[in-house]
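*Asks:* Mind having a look at this structure? Questions to follow.
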Amino acid sequence: MSLNDPRMAKAFRFVRSEYSGGEARLVYAFDDGPELVERIGFPAAPALAPEREAAFAAALELLHLIAGVSYYKAGVPGEIRIESTTIDRITAAFLDDLYLHGLGEFAYTNKLDLRGRIRFPSHAGHPGLRRDDGEMGADSSGVRRAAIGLPRSTLVPIGGGKDSLVSVEILKAAGENATAVWIGNSGLIESCAGRTGLPMLNISRAISPLLFEYNRAGALNGHIPVTAINSAILVVAAILYGHDAIAFSNERSASSATLEYDGMPINHQWSKGWAFERGFRSLIHSHVAADLDYYSLLRPLSELAVASRFAKNNRYDDVFSSCNRNFRILGPKPSDRWCGQCPKCHFVFLALAPFMPKPRLLAIFGRNLLDDPAQIAGFDALLEYRDHKPFECVGEGHESRAAMAELARRAEWREDAIVERFIHEVQPQLGPDERSLEALLQVEGERHLPARLVDALERS
Amino acid sequence: MNSIPATLPEDAPWVVLKFGGTSVSTRPRWDNIASIAASHREAGRRVLIVVSALSGITDMLKGIGEGHADGQRCQELREAIIARHHTLFGELGLPKRNAIDAWLARLDQLLADPRRPSGALPWQAELLALGELSSSTLGALYLNSLGLTTHWLDSRDFFRAEALPNQGDWARWLSASVQVRHDPAITAKLAARGDVFIAQGFIARSGDGATAVLGRGGSDTSAAYFGALLKAEVVEIWTDVPGMFSANPRQVPDARLLSRLDYAEAQEIATTGAKVLHPRCIHPVRDSRVPIRIKDTNRPDLPGTEIVWNTQAGAPSVKAISSRKGITLVSMESISMWQQVGFLADVFEAFKRHGLSVDLIGSAETNVTVSLDPSDNLLNSDVLARLCADLEAFCRVKVIAPCAAITLVGRGMRAMLHRLSAVLAEFGALDVHLISQSSNNLNLTFVIDEGLVDSLIPRLHALLIRAEVMRVDDASVFGPSWSELAHGAAAMRPAAWWRRERKALLELGTGATPCYVYSLDQIREQARGLAALGMVDRWHYALKANPHAQILRTLHAEGFAFECVSWDEVEAVRSTLPTLAAERILFTPNFAPREEYRAALAAGVRVTLDALHPIAEWGADFAGREIFLRVDLGAGRGHHDKVKTGGAQSKFGVSLDEIEAFRAHARRHGTRIVGLHAHLGSGILDAQHWRTVYAQLASLAEPFNRIEVLDLGGGLGVPSRPEDLPLDLDALGAALAEVKQAYPQFQLWMEPGRYLVAEAGVLLARVTQTKRKGDIHYVGIDAGMNSLIRPALYEAWHEIVNLSRLDEAAEDLVQVVGPICETGDVLGNNRRLPGCREGDVILIAEAGAYGAVMASHYNLRKPAAEVCL
């Protein structure tokens, strides 16, 4: 099929969303072009209890609106048309924010300015995602949806990296009833999830194949706020399967901007940040279900504090990977899970180094990244030395510097090429205001956690 | 086994048979033990059987020993242990279980023992011993029930542990050592009792009469102790593998079974990686010169590996190459160590204080580097950090890890050094951290980065064979390869086509020679084999291998597209196949001039760029075009340096760190990168290589926007030497399918050349003259390096036969040489041929690729003509 270049489209249309037999179908289109259908599969989906139907419908529509970002970005047309529902001002403002900031890095790499371009149409007089069919919604005064009797149980999304595995161990230690959930087909995540010992749920997601055709026709491409999409999928799943909480594993530094461009802060991981978490939770409470909680368990922790907790347990050493490369083909060797070249590999290596025996860390990675002069530029970027922070989910510069400073004090590390260079070249230029490793390990900052888990987090 | 034969004479020879856990866990396995023991007995040997515990039992007993404080866990394990023994008891159909119940009752006593909660070491040793005591008891009952009169012995009555200097409490009880020498009195006393005995591996008495155990591999060691004690004719270690190999067969399918080793070699191989035999079992038999034989329970007819005092092998040979991973090096540097008394003592005292055992040592005037084997202690405690902090007091210390030690083992290593040049060249391309060669002249060890070892070992093994340092032709030392054993005769290669066509070829050979002859049928067969894989969306023929017009037409008819590396190749394809669509030609040049790219783009041919220069300097030429990008994934592979096409030393491809720059240029010019191409070398016979390249390329392509095609290049190997196994197409298909399933969005292209045509071509020549010079016998033929340069250029090995005398025995060792005035004009080194006479037709096989196309008029001699069958 030959498609029109989506950059020429006038409008992006939210056509409809539907659910049946364990599959949600989210339908979009550019102008009068063919329908783009995204399919989300919920395995062994139970029948929906009548008291949850309204909440489910609201969650599905919210997912439809959020997941549209993957398609919208192919052309970023000037008009956004919602044909499936009407939304209130709160929802529209939330979506404006999500699309603008969630596509911040995309706009930066494609040299676009999306400010003022993204406007979700709202109907001031008709608050609520589905106000048109007469359901109770929230208005701007913050009225909440009714509770729908969800059982005490937590969905914990697993990504294959260290963070979610730390959450799993905290939830297990706290005796929480938890299910490990992941979206899409990933052998790596599956083997990590298997190692947790928790019940598992694997949700499938298939992007419309037409998007690849549009790519061929000239579509814009780039980073999208995938955590927002996954969050919205899990809200649907929580109502469907009966879980009253979704515990993500985003830490404190996910909230900080990667760089500022043309007066706008750009954060590679915006949908992992506090602003999104707070906005999304409040939207769920007001527009979906009052008793469905959404939070990030690791929010008050720094990356280093997460790393120190990960190092306490070696059960995931030979299965986890935080590497940015998508390892669809698994193998037994460390190089089958860690590319050793990307910022994630650099950062996780550095963050774990102060907290685990060197031979264990080197066995995990299969090599010593800190003794490889070819990695100097990569580590410089983490240290924010001569370069800005990379567009990756990595810790803040002062965390990397604190970890490196700690290694500089360790006899078993300080002769390694990159640590030695840090000692002689970088450290002398650092100001006296650097934070110590100990200070960075404190539990602190914005958070929203159930009280019972605050204690578990402190003890972990 | 119904008849009970008369007792053997008192001086009948002894044989000790050792069986491990899996061999004693089922009734069919015990029947097997009975038949092996009975056949020795029938051959007039007294038999002593040494057994391990049932498989898994020692681990469960260890679980109790280590979890001594956890009463409930201990009870669970107890239930499982008792159930296992009762199950086997039932399976063996034995009548009375008093004897076995006695040992299980002892387990209950030990669980109730006041020493349990503290996990006292003597208590643990006694606990661990129960596994062997029980299995040997069941075995004795069963063998007797079969009519093979078998006497049960308690090994503790024969072996008393000796305290060693520096031995800790743990080792004294749980990793004890025993000094054994031949004892004629005990031997005679046992001989008087009967002919067949069964005893326990792993257990002994401590100095004070309590129970101690021998530690890992203890059952092998016990068998060796009994062998020494009785001065047995042989100790047979029965396992699930055919014996010891020249390399780990999982890494090197071509690894050879080692038929015969001396004690020191076997010990060296066992300590440097092989798991078949525990190294501790060599020492006891070495002193009494009792041979050990490793036998395969599943294939008792195989000779296995025999370990003897002296192999009396003629020429020195590397016997094995082994590797150990997880090595940590500690490098200590200090000027103060120079001529300093006691420096090393201080260093080693620090290692001792932290309980770390040093393995390899390399030293210079101001540096000492030592290696540490992997241990739980090293991985999960801060012992290394504490060690380094201590060492810092008197030297600079650096930790180098993770490393792997690669050891070449063979008696007389230093006498072989001069022939290791190809092996050393391979190491020369890597960062070798330490080399160690001990004065016992048995080994040569290289320590390198761990990540390199898996791909390096098979290459080194092949190089050792090729350099004739590992003399696999010596049948007294080397047996069949692992893959031959695994696949049997099925893997044997079918007879070459030219044997069927001998008559026609002889006729051609008596005409104008030299002459290349191509079998188009053979080319079709190769092409169809590849097409049948189904995984590849488009096959290209890389016509640089052989651009003969009839070959191009044949492959076109088989549905192949074409890959060209020069504009003239493109023109050759277009003039031979005028109806071929231009987009079915892939133009993949290297350092070609700008005009060639322009011509290709104008003709509508698909163009691959393999450098930044064209897109950076001539970007406008590619504006709005679709191109392929050839990347260099790093490590090159192939059968010779000159055919490796990856890595910084190679001139091909854009390196990974330049890809972003390339993309930026492409974006600037609106050039669309629609394909990624990688080609890492030639002559690769390992199917897993393509899986790796394919997966690497696919993960690299994912973040690109418009990649539609992944082109894996060629390099499909063709076996040349008799010991090479052909590329396993099924394995290749499976490897490709796995990646394809993970990345269905990409089309897969490949571009073999040599694979399609090499075997289809032979070079015919006639003998011109023969000559003897000293020991060397030359056979001169009328084809030289001007017709076939591969032997001179790549040291390529081509099979050479005397077609006129194909049925005669090939007994003469000769150099096959051409008529060109170059010392290097040698087509075959040290070949066995029947006595050659002037005018005989000589056939050089696998000459269809890079033969005629690389020919020249050097010496103004006409190169060979070409004929298609």
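In the structure tokens, each chain is lettered A, B, ... as it comes, each chain's residues begin at 1, and ligands are numbered from 1 in order of appearance.
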Near chain B, which residues of chain A fall within 9 Å when you count only C-alpha atoms, and what do they look like as a ChimeraX atom specification?
*Replies:* /A:212,215-216,219-222,314,325-329,333-335,356-363,366-368,371,410-416
*Asks:* DSSP on the backbone: what in stretch 114-329 of chain A comes out helix (DSSP H, G or I), as a PyMOL selection string?
*Replies:* chain A and resi 131-133+162-173+187-196+210-216+226-241+252-255+270-272+274-287+303-310
*Asks:* Suppose we keep C-alpha atoms; can you now write the selection as a tab-separated table (two decimals), in the first residue's frame?
*Replies:*
chain	number	residue	atom	x	y	z
A	131	ARG	CA	-19.74	12.40	30.17
A	132	ASP	CA	-21.72	12.18	26.95
A	133	ASP	CA	-23.31	8.87	27.94
A	162	LYS	CA	17.64	-3.67	38.26
A	163	ASP	CA	15.02	-1.15	39.40
A	164	SER	CA	11.87	-3.23	39.12
A	165	LEU	CA	13.68	-6.19	40.65
A	166	VAL	CA	14.50	-4.05	43.67
A	167	SER	CA	10.79	-3.18	43.93
A	168	VAL	CA	9.88	-6.84	43.71
A	169	GLU	CA	12.20	-7.70	46.58
A	170	ILE	CA	10.84	-4.83	48.70
A	171	LEU	CA	7.25	-5.92	48.07
A	172	LYS	CA	8.13	-9.52	48.83
A	173	ALA	CA	9.85	-8.55	52.06
A	187	GLY	CA	12.72	-13.41	26.73
A	188	LEU	CA	14.92	-11.33	29.00
A	189	ILE	CA	12.02	-9.93	31.01
A	190	GLU	CA	10.38	-13.31	31.12
A	191	SER	CA	13.45	-14.92	32.63
A	192	CYS	CA	13.71	-12.09	35.20
A	193	ALA	CA	10.03	-12.40	36.04
A	194	GLY	CA	10.44	-16.14	36.41
A	195	ARG	CA	13.27	-15.57	38.87
A	196	THR	CA	11.09	-13.33	41.09
A	210	LEU	CA	0.58	0.63	8.97
A	211	LEU	CA	2.87	2.76	11.11
A	212	PHE	CA	5.82	1.05	9.42
A	213	GLU	CA	4.28	1.87	6.05
A	214	TYR	CA	3.92	5.48	7.15
A	215	ASN	CA	7.59	5.42	8.14
A	216	ARG	CA	8.40	4.49	4.60
A	226	VAL	CA	6.39	4.68	26.63
A	227	THR	CA	6.00	4.56	30.41
A	228	ALA	CA	2.79	6.58	30.06
A	229	ILE	CA	1.43	4.05	27.56
A	230	ASN	CA	2.43	1.14	29.76
A	231	SER	CA	0.87	2.84	32.77
A	232	ALA	CA	-2.43	3.27	30.94
A	233	ILE	CA	-2.35	-0.39	29.82
A	234	LEU	CA	-1.81	-1.47	33.41
A	235	VAL	CA	-4.77	0.62	34.62
A	236	VAL	CA	-6.98	-1.35	32.23
A	237	ALA	CA	-5.35	-4.59	33.42
A	238	ALA	CA	-5.77	-3.72	37.11
A	239	ILE	CA	-9.52	-3.22	36.68
A	240	LEU	CA	-9.86	-6.29	34.51
A	241	TYR	CA	-7.92	-8.73	36.71
A	252	ARG	CA	14.11	10.36	42.01
A	253	SER	CA	16.45	11.34	39.19
A	254	ALA	CA	13.90	10.34	36.54
A	255	SER	CA	12.31	13.73	37.25
A	270	TRP	CA	9.50	12.52	31.38
A	271	SER	CA	6.78	9.91	31.81
A	272	LYS	CA	8.91	8.27	34.48
A	274	TRP	CA	7.23	12.87	39.37
A	275	ALA	CA	5.09	15.33	37.37
A	276	PHE	CA	3.61	12.54	35.29
A	277	GLU	CA	3.18	10.22	38.27
A	278	ARG	CA	1.30	12.87	40.25
A	279	GLY	CA	-0.89	13.95	37.33
A	280	PHE	CA	-1.70	10.43	36.23
A	281	ARG	CA	-2.57	9.23	39.72
A	282	SER	CA	-4.88	12.13	40.28
A	283	LEU	CA	-6.54	11.57	36.90
A	284	ILE	CA	-7.12	7.89	37.71
A	285	HIS	CA	-8.70	8.79	41.03
A	286	SER	CA	-10.92	11.46	39.56
A	287	HIS	CA	-11.83	9.84	36.25
A	303	GLU	CA	19.76	5.69	41.39
A	304	LEU	CA	22.65	4.89	43.72
A	305	ALA	CA	20.28	4.02	46.54
A	306	VAL	CA	18.50	1.63	44.18
A	307	ALA	CA	21.84	0.15	43.09
A	308	SER	CA	22.91	-0.39	46.69
A	309	ARG	CA	19.69	-2.31	47.32
A	310	PHE	CA	20.09	-4.38	44.18
*Asks:* May I have the residues within 12 Å of stretch 500-503 of chain B as a list of chain:residue names, using only C-alpha atoms and disregarding those fewer than 4 positions away in the same chain?
*Replies:*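 Using only C-alpha atoms, the neighbours found are B:Pro494, B:Ala495, B:Ala496, B:Glu507, B:Leu508, B:Gly509, B:Thr510, B:Val517, B:Tyr518, B:Ser519, B:Asp521, B:Gln522, B:Ala760, B:Val762, B:Leu764, B:Val801, B:Asn802, B:Leu803, B:Ser804, B:Arg805, B:Leu806, B:Asp807, B:Val841, B:Ile842, B:Leu843, B:Leu869.
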*Asks:* Got a sec: who's within 10 Å of A:Asp113, counting only C-alpha atoms, leaving out chain neighbours fewer than 3 positions off, as a compact mmCIF listing (two decimals) with C-alpha atoms, in the first residue's frame?
*Replies:*
# COMPACT_ATOMS: atom_id res chain seq x y z
CA LEU A 100 4.24 18.15 24.82
CA GLY A 104 10.16 16.74 24.14
CA ALA A 107 10.80 17.44 19.07
CA TYR A 108 14.40 18.31 19.93
CA ASN A 110 13.50 16.50 14.81
CA GLY A 116 1.02 25.68 21.08
CA ARG A 117 0.62 22.97 18.47
CA ASP A 262 15.00 26.92 23.40
CA MET A 264 12.10 24.33 27.40
*Asks:* I want to know what sits within 12 Å of stretch 372-377 of chain A, based on only C-alpha atoms, with residues of the same chain fewer than 5 positions away left out; could you give that as a ChimeraX atom specification?
*Replies:* /A:339-343,345-347,349-350,367,382-390,415-422,425-426 /B:400-401,431,449,657
*Asks:* Would you list the contacts of A:Glu444 as a PyMOL selection string, taking every protein, DNA or RNA residue within 10 Å and counting only C-alpha atoms, but skipping same-chain residues closer than 5 positions in sequence?
*Replies:* chain A and resi 252+299-302+439
*Asks:* Could you save the residues just selected, with N, CA and C atoms, as an mmCIF file, in the first residue's frame?
*Replies:*
data_model
loop_
_atom_site.group_PDB
_atom_site.id
_atom_site.type_symbol
_atom_site.label_atom_id
_atom_site.label_comp_id
_atom_site.auth_asym_id
_atom_site.auth_seq_id
_atom_site.Cartn_x
_atom_site.Cartn_y
_atom_site.Cartn_z
ATOM 1 N N ARG A 252 14.157 8.917 41.890
ATOM 2 C CA ARG A 252 14.109 10.361 42.005
ATOM 3 C C ARG A 252 14.644 11.059 40.758
ATOM 4 N N ARG A 299 10.482 6.128 44.182
ATOM 5 C CA ARG A 299 10.568 7.572 43.940
ATOM 6 C C ARG A 299 11.491 8.305 44.925
ATOM 7 N N PRO A 300 11.437 8.003 46.231
ATOM 8 C CA PRO A 300 12.317 8.765 47.138
ATOM 9 C C PRO A 300 13.767 8.291 47.126
ATOM 10 N N LEU A 301 14.129 7.427 46.192
ATOM 11 C CA LEU A 301 15.508 6.931 46.172
ATOM 12 C C LEU A 301 16.269 7.518 44.994
ATOM 13 N N SER A 302 17.563 7.690 45.206
ATOM 14 C CA SER A 302 18.440 8.031 44.089
ATOM 15 C C SER A 302 18.755 6.748 43.334
ATOM 16 N N ALA A 439 25.101 10.746 51.601
ATOM 17 C CA ALA A 439 23.959 11.659 51.487
ATOM 18 C C ALA A 439 23.026 11.205 50.370
#
*Asks:* Kindly give the distance, in Å, that separates atom CA of B:Arg78 and atom CA of B:Val24, rounded to a single decimal.
*Replies:*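 Going from atom CA of B:Arg78 over to atom CA of B:Val24, I get 19.7 Å.
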*Asks:* Calculate how many Å separate atom CA of B:Arg115 from atom CA of B:Gln72, rounding to one decimal.
*Replies:* 16.4 Å
*Asks:* Near stretch 823-833 of chain B, counting only C-alpha atoms, which residues have an atom at most 7 Å away, once you skip same-chain residues fewer than 3 positions from it, shown as a ChimeraX atom specification?
*Replies:* /B:784-785,791-792,801-802,810-818,820
*Asks:* As a PyMOL selection string, please: all residues of stretch 224-342 of chain B that backbone DSSP puts in strand (DSSP E).
*Replies:* chain B and resi 234-239+256-258+260-262+292-296+305-308+320-333
*Asks:* Between A:Gly161, A:Pro450, A:Gly78, A:Pro6, which is the closest to A:Asp293 once you count only C-alpha atoms?
*Replies:*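 Residue with the minimum atom-to-atom distance to A:Asp293: A:Pro450.
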*Asks:* Here is a test: counting only C-alpha atoms, which residue of B:Ser436, B:Ser219, B:Gly713, B:Phe560 is nearest to B:Arg414?
*Replies:*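 Of the candidates, the smallest distance to B:Arg414 is held by B:Ser436.
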*Asks:* Which is closest to B:Asp730 among B:Thr22, B:Leu788, B:Ser439, B:Gly529, if we use only C-alpha atoms?
*Replies:* B:Gly529
